[in-house]
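protein_18.tsv (TSV, C-alpha atoms and all ligand atoms)
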chain	number	residue	atom	x	y	z
A	135	MET	CA	79.06	69.44	75.65
A	136	ARG	CA	76.30	71.94	76.40
A	137	SER	CA	74.05	72.49	73.36
A	138	PRO	CA	73.97	75.99	71.83
A	139	LEU	CA	71.46	78.39	73.32
A	140	LEU	CA	70.11	79.18	69.86
A	141	GLU	CA	70.43	76.92	66.86
A	142	ILE	CA	68.96	78.01	63.53
A	143	ARG	CA	69.01	75.39	60.79
A	144	ASN	CA	67.93	75.85	57.17
A	145	LEU	CA	65.80	78.87	58.02
A	146	GLY	CA	63.67	80.09	55.13
A	147	VAL	CA	61.36	83.10	55.30
A	148	GLU	CA	58.96	83.75	52.45
A	149	VAL	CA	57.65	87.21	51.59
A	150	PRO	CA	54.83	88.10	49.20
A	151	VAL	CA	56.03	89.49	45.87
A	152	PRO	CA	54.33	92.10	43.68
A	153	GLY	CA	52.08	90.37	41.14
A	154	GLY	CA	51.44	87.39	43.44
A	155	GLY	CA	53.38	84.44	44.79
A	156	ALA	CA	56.16	84.39	47.33
A	157	ALA	CA	59.96	84.55	47.36
A	158	ALA	CA	62.42	83.31	49.98
A	159	ALA	CA	63.88	86.52	51.43
A	160	VAL	CA	65.79	84.32	53.88
A	161	ASP	CA	66.97	81.14	52.23
A	162	GLY	CA	68.65	78.32	54.12
A	163	VAL	CA	70.31	80.22	56.96
A	164	ASP	CA	72.28	78.22	59.56
A	165	LEU	CA	73.43	80.12	62.62
A	166	SER	CA	74.08	79.29	66.25
A	167	VAL	CA	74.66	81.33	69.38
A	168	ALA	CA	76.16	79.74	72.51
A	169	HIS	CA	75.22	80.73	76.06
A	170	GLY	CA	76.83	84.10	76.78
A	171	GLU	CA	78.22	84.44	73.25
A	172	ARG	CA	77.97	87.61	71.16
A	173	VAL	CA	77.32	87.05	67.46
A	174	GLY	CA	77.01	89.74	64.79
A	175	LEU	CA	74.85	89.47	61.69
A	176	VAL	CA	75.99	91.93	59.02
A	177	GLY	CA	75.07	92.81	55.46
A	178	GLU	CA	73.64	95.61	53.36
A	179	SER	CA	70.02	96.67	53.29
A	180	GLY	CA	67.76	93.90	51.97
A	181	ALA	CA	70.08	91.04	53.00
A	182	GLY	CA	67.36	89.47	55.18
A	183	LYS	CA	68.86	90.31	58.59
A	184	SER	CA	65.70	91.64	60.21
A	185	LEU	CA	63.50	88.85	58.87
A	186	THR	CA	65.98	86.32	60.29
A	187	THR	CA	65.76	87.86	63.76
A	188	LEU	CA	61.99	88.34	63.63
A	189	ALA	CA	61.57	84.68	62.69
A	190	LEU	CA	63.18	83.56	65.96
A	191	PRO	CA	60.21	84.14	68.24
A	192	ASN	CA	57.94	84.30	65.16
A	193	LEU	CA	57.17	88.00	65.15
A	194	LEU	CA	57.04	88.17	61.36
A	195	PRO	CA	54.69	90.69	59.75
A	196	PRO	CA	51.39	89.50	58.24
A	197	GLY	CA	51.80	87.66	54.94
A	198	VAL	CA	55.39	86.68	55.74
A	199	ARG	CA	55.92	83.06	56.79
A	200	ILE	CA	58.56	80.60	57.86
A	201	ARG	CA	59.22	78.00	55.14
A	202	PRO	CA	58.52	74.36	55.99
A	203	GLY	CA	61.74	72.53	56.83
A	204	SER	CA	63.10	75.44	58.88
A	205	SER	CA	64.26	74.83	62.43
A	206	VAL	CA	64.87	77.28	65.28
A	207	ARG	CA	65.84	75.62	68.55
A	208	LEU	CA	66.23	77.36	71.87
A	209	ASP	CA	68.10	75.19	74.37
A	210	GLY	CA	67.19	72.23	72.16
A	211	ARG	CA	63.45	73.04	72.01
A	212	GLU	CA	61.92	73.59	68.58
A	213	LEU	CA	60.17	76.94	68.18
A	214	VAL	CA	59.01	76.58	64.57
A	215	GLY	CA	55.43	75.39	64.73
A	216	ALA	CA	55.31	75.71	68.54
A	217	PRO	CA	51.94	76.80	69.99
A	218	THR	CA	51.44	80.58	70.34
A	219	ARG	CA	51.25	80.12	74.11
A	220	ASP	CA	54.80	78.69	74.16
A	221	LEU	CA	56.11	81.40	71.83
A	222	ARG	CA	54.62	84.07	74.09
A	223	ALA	CA	56.49	82.57	77.01
A	224	VAL	CA	59.72	82.74	75.00
A	225	ARG	CA	59.30	86.35	73.86
A	226	GLY	CA	60.50	88.85	76.41
A	227	LYS	CA	61.33	86.11	78.88
A	228	ARG	CA	63.96	83.88	77.19
A	229	VAL	CA	64.57	86.06	74.12
A	230	ALA	CA	64.21	89.86	74.19
A	231	LEU	CA	64.38	92.17	71.22
A	232	VAL	CA	65.77	95.70	70.93
A	233	PHE	CA	65.08	97.60	67.73
A	234	GLN	CA	66.68	100.42	65.75
A	235	ASP	CA	64.12	103.02	66.62
A	236	PRO	CA	63.42	103.06	70.36
A	237	THR	CA	60.41	105.33	69.79
A	238	HIS	CA	58.34	102.44	68.47
A	239	ALA	CA	59.33	99.98	71.18
A	240	LEU	CA	57.92	102.16	73.95
A	241	ASN	CA	54.31	103.14	74.44
A	242	PRO	CA	54.21	106.98	74.22
A	243	ALA	CA	51.20	107.17	76.56
A	244	LEU	CA	52.81	105.36	79.52
A	245	THR	CA	55.74	106.21	81.77
A	246	VAL	CA	58.95	104.25	81.30
A	247	GLY	CA	58.60	102.82	84.81
A	248	SER	CA	55.07	101.48	84.30
A	249	GLN	CA	56.17	99.70	81.10
A	250	ILE	CA	59.03	97.98	82.89
A	251	ARG	CA	56.77	97.07	85.84
A	252	GLU	CA	54.32	95.44	83.42
A	253	VAL	CA	57.10	93.10	82.15
A	254	LEU	CA	58.20	92.40	85.73
A	255	LEU	CA	54.64	91.41	86.61
A	256	VAL	CA	54.01	89.26	83.53
A	257	HIS	CA	57.35	87.46	83.39
A	258	ARG	CA	58.56	87.44	86.99
A	259	GLY	CA	55.43	87.94	89.06
A	260	LEU	CA	56.89	91.01	90.79
A	261	ARG	CA	54.51	93.71	92.09
A	262	GLY	CA	54.34	96.66	94.49
A	263	GLY	CA	57.51	97.82	96.22
A	264	GLU	CA	59.52	94.89	94.87
A	265	ALA	CA	58.64	95.81	91.28
A	266	ARG	CA	59.39	99.49	91.92
A	267	ALA	CA	62.80	98.70	93.41
A	268	GLU	CA	63.68	96.33	90.54
A	269	THR	CA	62.63	98.99	87.99
A	270	LEU	CA	65.03	101.50	89.50
A	271	ARG	CA	67.79	98.88	89.67
A	272	LEU	CA	67.34	98.06	85.97
A	273	LEU	CA	67.35	101.72	84.92
A	274	SER	CA	70.51	102.26	86.90
A	275	GLU	CA	72.11	99.09	85.47
A	276	VAL	CA	71.72	100.49	81.94
A	277	GLY	CA	73.50	103.67	82.98
A	278	LEU	CA	70.60	106.10	83.36
A	279	PRO	CA	71.79	108.75	85.83
A	280	ASP	CA	68.51	109.52	87.58
A	281	PRO	CA	66.46	106.28	87.59
A	282	ALA	CA	63.60	107.64	89.72
A	283	ARG	CA	63.07	110.56	87.39
A	284	THR	CA	63.40	108.45	84.22
A	285	ALA	CA	60.89	105.93	85.60
A	286	ALA	CA	58.35	108.72	86.04
A	287	ASP	CA	58.93	110.18	82.57
A	288	PRO	CA	57.01	109.34	79.42
A	289	PRO	CA	59.39	108.21	76.62
A	290	HIS	CA	59.28	111.52	74.70
A	291	ARG	CA	60.99	113.34	77.57
A	292	LEU	CA	64.14	111.26	77.04
A	293	SER	CA	66.93	111.85	74.51
A	294	GLY	CA	67.47	109.20	71.79
A	295	GLY	CA	70.35	107.57	73.68
A	296	MET	CA	68.43	107.54	76.98
A	297	ARG	CA	65.39	106.08	75.24
A	298	GLN	CA	67.50	103.24	73.82
A	299	ARG	CA	68.90	102.60	77.32
A	300	ALA	CA	65.32	102.49	78.64
A	301	CYS	CA	64.44	99.96	75.90
A	302	ILE	CA	67.42	97.83	76.93
A	303	ALA	CA	66.22	97.98	80.57
A	304	LEU	CA	62.77	96.90	79.36
A	305	ALA	CA	64.38	94.03	77.42
A	306	LEU	CA	66.35	92.94	80.51
A	307	ALA	CA	63.29	93.04	82.77
A	308	GLY	CA	62.28	89.47	81.86
A	309	GLU	CA	65.85	88.23	82.56
A	310	PRO	CA	66.34	86.85	79.05
A	311	ASP	CA	69.15	84.48	78.05
A	312	LEU	CA	69.39	86.03	74.59
A	313	LEU	CA	69.15	89.66	73.57
A	314	VAL	CA	68.51	90.24	69.88
A	315	ALA	CA	69.39	93.81	68.93
A	316	ASP	CA	68.54	94.93	65.39
A	317	GLU	CA	70.60	98.01	64.46
A	318	PRO	CA	70.23	99.33	68.02
A	319	THR	CA	72.54	102.28	67.48
A	320	THR	CA	71.94	103.30	63.87
A	321	ALA	CA	69.59	106.15	64.80
A	322	LEU	CA	72.05	107.57	67.34
A	323	ASP	CA	75.04	109.86	66.95
A	324	VAL	CA	78.51	108.31	66.95
A	325	THR	CA	79.50	108.96	70.58
A	326	VAL	CA	76.19	107.74	71.95
A	327	GLN	CA	76.44	104.74	69.60
A	328	ALA	CA	79.79	103.71	71.07
A	329	ARG	CA	78.49	104.02	74.64
A	330	ILE	CA	75.43	101.87	73.91
A	331	LEU	CA	77.62	99.19	72.29
A	332	ASP	CA	79.93	99.21	75.32
A	333	LEU	CA	76.85	98.87	77.54
A	334	LEU	CA	75.68	95.81	75.56
A	335	VAL	CA	79.10	94.17	75.98
A	336	HIS	CA	79.14	95.00	79.69
A	337	LEU	CA	75.63	93.57	80.22
A	338	SER	CA	76.49	90.45	78.27
A	339	GLU	CA	79.57	89.86	80.42
A	340	ALA	CA	77.99	90.78	83.75
A	341	ARG	CA	74.86	88.68	83.19
A	342	GLY	CA	76.20	85.89	80.96
A	343	LEU	CA	73.70	87.17	78.40
A	344	ALA	CA	74.02	86.04	74.78
A	345	LEU	CA	73.72	88.73	72.12
A	346	LEU	CA	72.71	88.53	68.48
A	347	LEU	CA	73.57	91.93	67.06
A	348	VAL	CA	72.34	92.99	63.63
A	349	SER	CA	74.26	95.72	61.86
A	350	HIS	CA	75.22	96.90	58.38
A	351	ASP	CA	78.54	97.99	59.86
A	352	LEU	CA	81.42	95.57	60.41
A	353	ALA	CA	83.09	98.10	62.72
A	354	VAL	CA	80.14	97.88	65.12
A	355	VAL	CA	80.34	94.09	65.13
A	356	SER	CA	84.12	93.99	65.58
A	357	ARG	CA	83.81	96.24	68.62
A	358	THR	CA	81.17	94.06	70.18
A	359	CYS	CA	81.07	90.42	69.07
A	360	HIS	CA	83.02	87.16	69.25
A	361	ARG	CA	81.74	85.77	65.96
A	362	VAL	CA	80.16	87.21	62.84
A	363	ALA	CA	77.94	85.95	60.04
A	364	VAL	CA	77.86	87.96	56.81
A	365	MET	CA	74.56	87.83	54.94
A	366	TYR	CA	73.94	88.53	51.28
A	367	ALA	CA	70.63	88.12	49.44
A	368	GLY	CA	69.01	85.84	52.00
A	369	ARG	CA	72.03	83.62	52.64
A	370	VAL	CA	74.96	83.56	55.01
A	371	VAL	CA	78.02	83.83	52.76
A	372	GLU	CA	80.78	83.91	55.38
A	373	LYS	CA	81.04	83.18	59.09
A	374	GLY	CA	83.73	82.83	61.68
A	375	PRO	CA	85.50	84.47	64.60
A	376	VAL	CA	85.37	88.26	64.16
A	377	LYS	CA	89.15	88.66	64.13
A	378	ALA	CA	89.69	86.01	61.44
A	379	VAL	CA	86.90	87.33	59.22
A	380	LEU	CA	88.13	90.92	59.47
A	381	GLU	CA	91.79	90.09	59.00
A	382	ARG	CA	91.44	87.41	56.32
A	383	PRO	CA	88.03	87.76	54.68
A	384	LEU	CA	87.37	84.87	52.27
A	385	HIS	CA	84.31	86.13	50.42
A	386	PRO	CA	84.63	89.00	47.92
A	387	TYR	CA	81.46	90.49	49.44
A	388	THR	CA	83.03	90.62	52.91
A	389	ARG	CA	86.13	92.18	51.35
A	390	ALA	CA	83.94	94.78	49.62
A	391	LEU	CA	82.11	95.56	52.89
A	392	LEU	CA	85.45	96.06	54.61
A	393	ALA	CA	86.74	98.29	51.82
A	394	ALA	CA	83.56	100.38	52.04
A	395	ARG	CA	84.20	101.16	55.72
A	396	PRO	CA	85.32	104.72	56.37
A	397	ARG	CA	88.74	104.63	58.04
A	398	LEU	CA	89.16	106.39	61.35
A	399	THR	CA	92.94	105.99	61.45
A	400	GLY	CA	95.72	105.78	58.87
A	401	PRO	CA	95.69	107.45	55.46
A	402	ARG	CA	92.47	109.32	54.74
A	403	THR	CA	91.34	107.53	51.63
A	404	LEU	CA	87.79	107.69	50.40
A	405	PRO	CA	85.85	104.51	51.09
A	406	ALA	CA	85.45	102.38	48.00
A	407	PRO	CA	81.71	101.96	47.54
A	408	ILE	CA	80.33	98.60	46.45
A	409	ALA	CA	78.61	99.33	43.17
A	410	GLY	CA	74.92	98.46	43.01
A	411	SER	CA	72.72	97.04	45.76
A	412	ILE	CA	71.05	93.78	46.79
A	413	PRO	CA	68.15	93.06	44.40
A	414	ALA	CA	64.64	92.18	45.62
A	415	PRO	CA	64.10	88.53	46.70
A	416	SER	CA	62.04	87.85	43.54
A	417	ALA	CA	65.01	88.83	41.36
A	418	TRP	CA	67.92	87.02	42.96
A	419	PRO	CA	70.58	85.91	40.48
A	420	THR	CA	71.34	82.26	39.73
A	421	GLY	CA	74.53	80.63	41.01
A	422	CYS	CA	76.32	82.82	43.53
A	423	ARG	CA	73.90	85.66	44.21
A	424	PHE	CA	76.78	88.11	44.52
A	425	HIS	CA	78.19	87.32	41.06
A	426	PRO	CA	76.77	90.37	39.19
A	427	ARG	CA	78.62	92.65	41.63
A	428	CYS	CA	81.71	90.50	42.13
A	429	PRO	CA	84.93	91.76	40.53
A	430	ASP	CA	86.34	88.21	40.42
A	431	ALA	CA	83.31	86.24	39.22
A	432	LEU	CA	84.03	83.11	37.18
A	433	ASP	CA	81.70	81.51	34.67
A	434	ARG	CA	80.81	78.85	37.20
A	435	CYS	CA	79.72	81.53	39.73
A	436	ARG	CA	76.92	82.55	37.36
A	437	ARG	CA	75.58	79.00	37.07
A	438	GLU	CA	76.13	77.04	40.28
A	439	ALA	CA	75.59	77.91	43.92
A	440	PRO	CA	79.02	77.92	45.58
A	441	PRO	CA	80.04	75.32	48.18
A	442	TRP	CA	81.26	76.08	51.70
A	443	VAL	CA	85.04	76.41	51.77
A	444	GLY	CA	87.60	77.19	54.47
A	445	LEU	CA	88.50	75.50	57.69
A	446	SER	CA	85.96	75.47	60.48
A	447	PRO	CA	85.17	77.76	62.28
A	448	HIS	CA	86.02	80.33	59.53
A	449	ARG	CA	84.12	79.45	56.37
A	450	ALA	CA	82.60	81.06	53.29
A	451	THR	CA	80.59	80.05	50.24
A	452	CYS	CA	82.72	80.93	47.23
A	453	TRP	CA	83.99	79.19	44.11
A	454	LEU	CA	87.19	81.25	44.11
A	455	HIS	CA	88.56	79.32	47.09
A	456	TRP	CA	87.29	75.95	46.03
A	457	GLU	CA	89.63	73.11	45.19
A	458	PRO	CA	88.44	69.77	43.86
A	459	GLY	CA	88.85	67.30	46.69
A	460	GLY	CA	87.93	69.80	49.40
A	461	GLY	CA	89.49	72.53	51.51
A	462	ALA	CA	90.09	76.15	50.64
A	463	SER	CA	92.94	77.60	48.65
A	501	LIG	N1	56.52	92.40	54.85
A	501	LIG	C1	57.25	92.24	53.75
A	501	LIG	N2	56.66	92.06	52.53
A	501	LIG	C2	57.40	91.91	51.40
A	501	LIG	N3	58.74	91.93	51.37
A	501	LIG	C3	59.40	92.10	52.55
A	501	LIG	C4	58.70	92.27	53.79
A	501	LIG	N4	59.60	92.42	54.79
A	501	LIG	C5	60.82	92.36	54.18
A	501	LIG	N5	60.70	92.17	52.84
A	501	LIG	C6	61.80	92.06	51.87
A	501	LIG	O1	62.69	91.05	52.29
A	501	LIG	C7	64.04	91.43	52.06
A	501	LIG	C8	64.82	91.32	53.35
A	501	LIG	O2	64.29	92.27	54.27
A	501	LIG	P1	64.94	92.57	55.70
A	501	LIG	O3	64.10	93.61	56.34
A	501	LIG	O4	65.14	91.31	56.45
A	501	LIG	O5	66.36	93.17	55.28
A	501	LIG	P2	67.53	93.77	56.21
A	501	LIG	O6	68.75	92.97	55.92
A	501	LIG	O7	67.06	93.83	57.62
A	501	LIG	O8	67.71	95.23	55.60
A	501	LIG	P3	67.91	96.66	56.35
A	501	LIG	O9	69.40	96.77	56.57
A	501	LIG	O10	67.41	97.64	55.36
A	501	LIG	O11	67.13	96.65	57.63
A	501	LIG	C9	63.99	92.84	51.47
A	501	LIG	O12	64.09	92.75	50.07
A	501	LIG	C10	62.63	93.33	51.88
A	501	LIG	O13	62.12	94.25	50.93
A	502	MG	MG	66.66	95.36	58.93
Written as structure tokens, that's how I'd like the structure from this file.
Amino acid sequence: MRSPLLEIRNLGVEVPVPGGGAAAAVDGVDLSVAHGERVGLVGESGAGKSLTTLALPNLLPPGVRIRPGSSVRLDGRELVGAPTRDLRAVRGKRVALVFQDPTHALNPALTVGSQIREVLLVHRGLRGGEARAETLRLLSEVGLPDPARTAADPPHRLSGGMRQRACIALALAGEPDLLVADEPTTALDVTVQARILDLLVHLSEARGLALLLVSHDLAVVSRTCHRVAVMYAGRVVEKGPVKAVLERPLHPYTRALLAARPRLTGPRTLPAPIAGSIPAPSAWPTGCRFHPRCPDALDRCRREAPPWVGLSPHRATCWLHWEPGGGAS
């Protein structure tokens, strides 16, 4: 069987904490993405989603480091500890990133076209007329109506939605195998958001491109992805096919996230908010980290980290479903 495109094993990311020392903001994450597969990573603010994605091609901010014992393999090749030269070859070429705020991803002083041509030159050796033609083709592929005009524009001339499309074109310029998109639609209004998500699905299908999509919103992931991993306080607490996780969530946190979703159809009930928020990495609770907010917490949940339960591929870490001897209730 072909190995997964991306295989993250036991990923830990340590951040500095006030008063000195470090805490694992990402703590033992396992996650894989197959060629052409779309995987969602969801959770509230502070779950560790962005640090997980930034760790992949090691783009972590200063002072933040990958914990020894972590492994990130791309097509079987280890990236943790790889020389900077190799990581540079991976970034933009094999793995491209799209961020929440397209303003920061584009250089305000350069035209959109010249930024795409730069990537075409560095990663594909294209120049001159060939690079110009490919730039227009990419801008048209991401649904920009007037590619020649957009190519000549500086980023500030574009609307938010157009700017995010331009960023996606820039990300595609290196012909990556994996697109990592961190909240790519959060800054956009709802209609534009839906169109960008549909574009990502279309590109993934047309190009066989794998997608790792970060979102705080399960609705976004269910519209877009095959599988989902739910993160809480640095750990993945549930993962599985999107349909199974949404229809039969195992973890009380996933259930709470689903209950907090505003409903677009059916009775107009107010979303039930999840009380509280994820604490800072230096203050994570013992046992199951969700226990202080869990309506069903048992004594054991306060003391011992929960085991994985459920039948592969849909699994969660929760004592409530645990039965001595294995399996889930
Ligand atoms: N450079 C840093 N220094 C110290 N702590 C950090 C740093 N970057 C992130 N953290 C902390 O690590 C935790 C996880 O951060 P991360 O940005 O990965 O969360 P997230 O799940 O992406 O949240 P959001 O939905 O708000 O983007 C947070 O508590 C955050 O404050
Ligand atoms: Mg984030």
Would you mind listing the residues within 6 Å of ligand LIG 501 (chain A), counting all atoms listed in the file, as a list in words?
->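 Taking all atoms listed in the file into account, the residues around ligand LIG 501 (chain A) at most 6 Å away are Val149, Pro150, Ala159, Glu178, Ser179, Gly180, Ala181, Gly182, Lys183, Ser184, Leu185, Pro195, Val198, Ala414 and Pro415 of chain A.
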Who sits within 8 Å of A:Leu231, all atoms listed in the file, same chain under 3 positions skipped, as a ChimeraX atom specification = /A:226,305,313-316
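In this comparison, which uses all atoms listed in the file, the residue of A:Ser338, A:Thr320, A:Ser204, A:Ser248 approaching A:His169 most closely is A:Ser338.
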Write out as an mmCIF file with C-alpha atoms, in the coordinates of the input the residues lying within 12 Å of A:Val324, counting all atoms listed in the file and excluding same-chain residues fewer than 4 positions away.
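Output (result-v8.cif):
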data_model
loop_
_atom_site.group_PDB
_atom_site.id
_atom_site.type_symbol
_atom_site.label_atom_id
_atom_site.label_comp_id
_atom_site.auth_asym_id
_atom_site.auth_seq_id
_atom_site.Cartn_x
_atom_site.Cartn_y
_atom_site.Cartn_z
ATOM 1 C CA GLY A 295 70.350 107.570 73.680
ATOM 2 C CA THR A 319 72.540 102.280 67.480
ATOM 3 C CA THR A 320 71.940 103.300 63.870
ATOM 4 C CA ALA A 328 79.790 103.710 71.070
ATOM 5 C CA ARG A 329 78.490 104.020 74.640
ATOM 6 C CA ILE A 330 75.430 101.870 73.910
ATOM 7 C CA LEU A 331 77.620 99.190 72.290
ATOM 8 C CA ALA A 353 83.090 98.100 62.720
ATOM 9 C CA VAL A 354 80.140 97.880 65.120
#
Find the spatial neighbours of A:Arg258, counting only C-alpha atoms, within a cut-off of 7 Å - ignore same-chain residues fewer than 3 positions away - and output them as a list in words.
->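 Contacts, with the query itself left out: Leu254, Leu255 and Gly308 of chain A.
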Output file for the residues above (C-alpha atoms, as a PDB file, keeping the file's coordinate frame):
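For reference, out.pdb as written:
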ATOM      1  CA  LEU A 254      58.200  92.400  85.730  1.00  0.00           C
ATOM      2  CA  LEU A 255      54.640  91.410  86.610  1.00  0.00           C
ATOM      3  CA  GLY A 308      62.280  89.470  81.860  1.00  0.00           C
TER       4      GLY A 308
END
Final N, CA and C atoms of stretch 299-327 of chain A as a JSON list (two decimals), in the coordinates of the input:
[["chain", "number", "residue", "atom", "x", "y", "z"],
["A", 299, "ARG", "N", 68.54, 103.24, 76.03],
["A", 299, "ARG", "CA", 68.90, 102.60, 77.32],
["A", 299, "ARG", "C", 67.64, 102.10, 78.03],
["A", 300, "ALA", "N", 66.58, 102.90, 78.00],
["A", 300, "ALA", "CA", 65.32, 102.49, 78.64],
["A", 300, "ALA", "C", 64.78, 101.22, 77.95],
["A", 301, "CYS", "N", 64.90, 101.16, 76.62],
["A", 301, "CYS", "CA", 64.44, 99.96, 75.90],
["A", 301, "CYS", "C", 65.26, 98.74, 76.31],
["A", 302, "ILE", "N", 66.56, 98.95, 76.53],
["A", 302, "ILE", "CA", 67.42, 97.83, 76.93],
["A", 302, "ILE", "C", 67.00, 97.38, 78.34],
["A", 303, "ALA", "N", 66.70, 98.34, 79.22],
["A", 303, "ALA", "CA", 66.22, 97.98, 80.57],
["A", 303, "ALA", "C", 64.93, 97.17, 80.47],
["A", 304, "LEU", "N", 64.04, 97.60, 79.58],
["A", 304, "LEU", "CA", 62.77, 96.90, 79.36],
["A", 304, "LEU", "C", 63.05, 95.47, 78.87],
["A", 305, "ALA", "N", 64.03, 95.34, 77.96],
["A", 305, "ALA", "CA", 64.38, 94.03, 77.42],
["A", 305, "ALA", "C", 64.97, 93.13, 78.51],
["A", 306, "LEU", "N", 65.71, 93.74, 79.45],
["A", 306, "LEU", "CA", 66.35, 92.94, 80.51],
["A", 306, "LEU", "C", 65.36, 92.53, 81.60],
["A", 307, "ALA", "N", 64.22, 93.23, 81.65],
["A", 307, "ALA", "CA", 63.29, 93.04, 82.77],
["A", 307, "ALA", "C", 62.83, 91.59, 82.91],
["A", 308, "GLY", "N", 62.71, 90.87, 81.80],
["A", 308, "GLY", "CA", 62.28, 89.47, 81.86],
["A", 308, "GLY", "C", 63.43, 88.51, 82.14],
["A", 309, "GLU", "N", 64.63, 89.05, 82.36],
["A", 309, "GLU", "CA", 65.85, 88.23, 82.56],
["A", 309, "GLU", "C", 66.06, 87.24, 81.43],
["A", 310, "PRO", "N", 66.17, 87.76, 80.19],
["A", 310, "PRO", "CA", 66.34, 86.85, 79.05],
["A", 310, "PRO", "C", 67.72, 86.21, 79.03],
["A", 311, "ASP", "N", 67.84, 85.11, 78.28],
["A", 311, "ASP", "CA", 69.15, 84.48, 78.05],
["A", 311, "ASP", "C", 69.78, 85.03, 76.78],
["A", 312, "LEU", "N", 68.91, 85.53, 75.88],
["A", 312, "LEU", "CA", 69.39, 86.03, 74.59],
["A", 312, "LEU", "C", 68.76, 87.39, 74.31],
["A", 313, "LEU", "N", 69.63, 88.35, 73.98],
["A", 313, "LEU", "CA", 69.15, 89.66, 73.57],
["A", 313, "LEU", "C", 69.41, 89.78, 72.07],
["A", 314, "VAL", "N", 68.36, 90.05, 71.32],
["A", 314, "VAL", "CA", 68.51, 90.24, 69.88],
["A", 314, "VAL", "C", 68.36, 91.73, 69.62],
["A", 315, "ALA", "N", 69.42, 92.36, 69.12],
["A", 315, "ALA", "CA", 69.39, 93.81, 68.93],
["A", 315, "ALA", "C", 69.57, 94.11, 67.44],
["A", 316, "ASP", "N", 68.53, 94.67, 66.83],
["A", 316, "ASP", "CA", 68.54, 94.93, 65.39],
["A", 316, "ASP", "C", 68.89, 96.41, 65.16],
["A", 317, "GLU", "N", 70.11, 96.65, 64.71],
["A", 317, "GLU", "CA", 70.60, 98.01, 64.46],
["A", 317, "GLU", "C", 70.30, 98.94, 65.65],
["A", 318, "PRO", "N", 70.68, 98.55, 66.87],
["A", 318, "PRO", "CA", 70.23, 99.33, 68.02],
["A", 318, "PRO", "C", 70.83, 100.71, 68.11],
["A", 319, "THR", "N", 71.88, 100.98, 67.32],
["A", 319, "THR", "CA", 72.54, 102.28, 67.48],
["A", 319, "THR", "C", 72.52, 103.12, 66.20],
["A", 320, "THR", "N", 71.89, 102.61, 65.16],
["A", 320, "THR", "CA", 71.94, 103.30, 63.87],
["A", 320, "THR", "C", 71.33, 104.69, 63.93],
["A", 321, "ALA", "N", 70.27, 104.86, 64.77],
["A", 321, "ALA", "CA", 69.59, 106.15, 64.80],
["A", 321, "ALA", "C", 70.30, 107.15, 65.73],
["A", 322, "LEU", "N", 71.41, 106.72, 66.33],
["A", 322, "LEU", "CA", 72.05, 107.57, 67.34],
["A", 322, "LEU", "C", 73.35, 108.18, 66.81],
["A", 323, "ASP", "N", 73.78, 109.29, 67.43],
["A", 323, "ASP", "CA", 75.04, 109.86, 66.95],
["A", 323, "ASP", "C", 76.22, 109.01, 67.44],
["A", 324, "VAL", "N", 77.39, 109.24, 66.81],
["A", 324, "VAL", "CA", 78.51, 108.31, 66.95],
["A", 324, "VAL", "C", 78.96, 108.08, 68.39],
["A", 325, "THR", "N", 79.04, 109.15, 69.20],
["A", 325, "THR", "CA", 79.50, 108.96, 70.58],
["A", 325, "THR", "C", 78.50, 108.15, 71.39],
["A", 326, "VAL", "N", 77.23, 108.48, 71.22],
["A", 326, "VAL", "CA", 76.19, 107.74, 71.95],
["A", 326, "VAL", "C", 76.20, 106.29, 71.49],
["A", 327, "GLN", "N", 76.38, 106.09, 70.19],
["A", 327, "GLN", "CA", 76.44, 104.74, 69.60],
["A", 327, "GLN", "C", 77.50, 103.90, 70.31]]
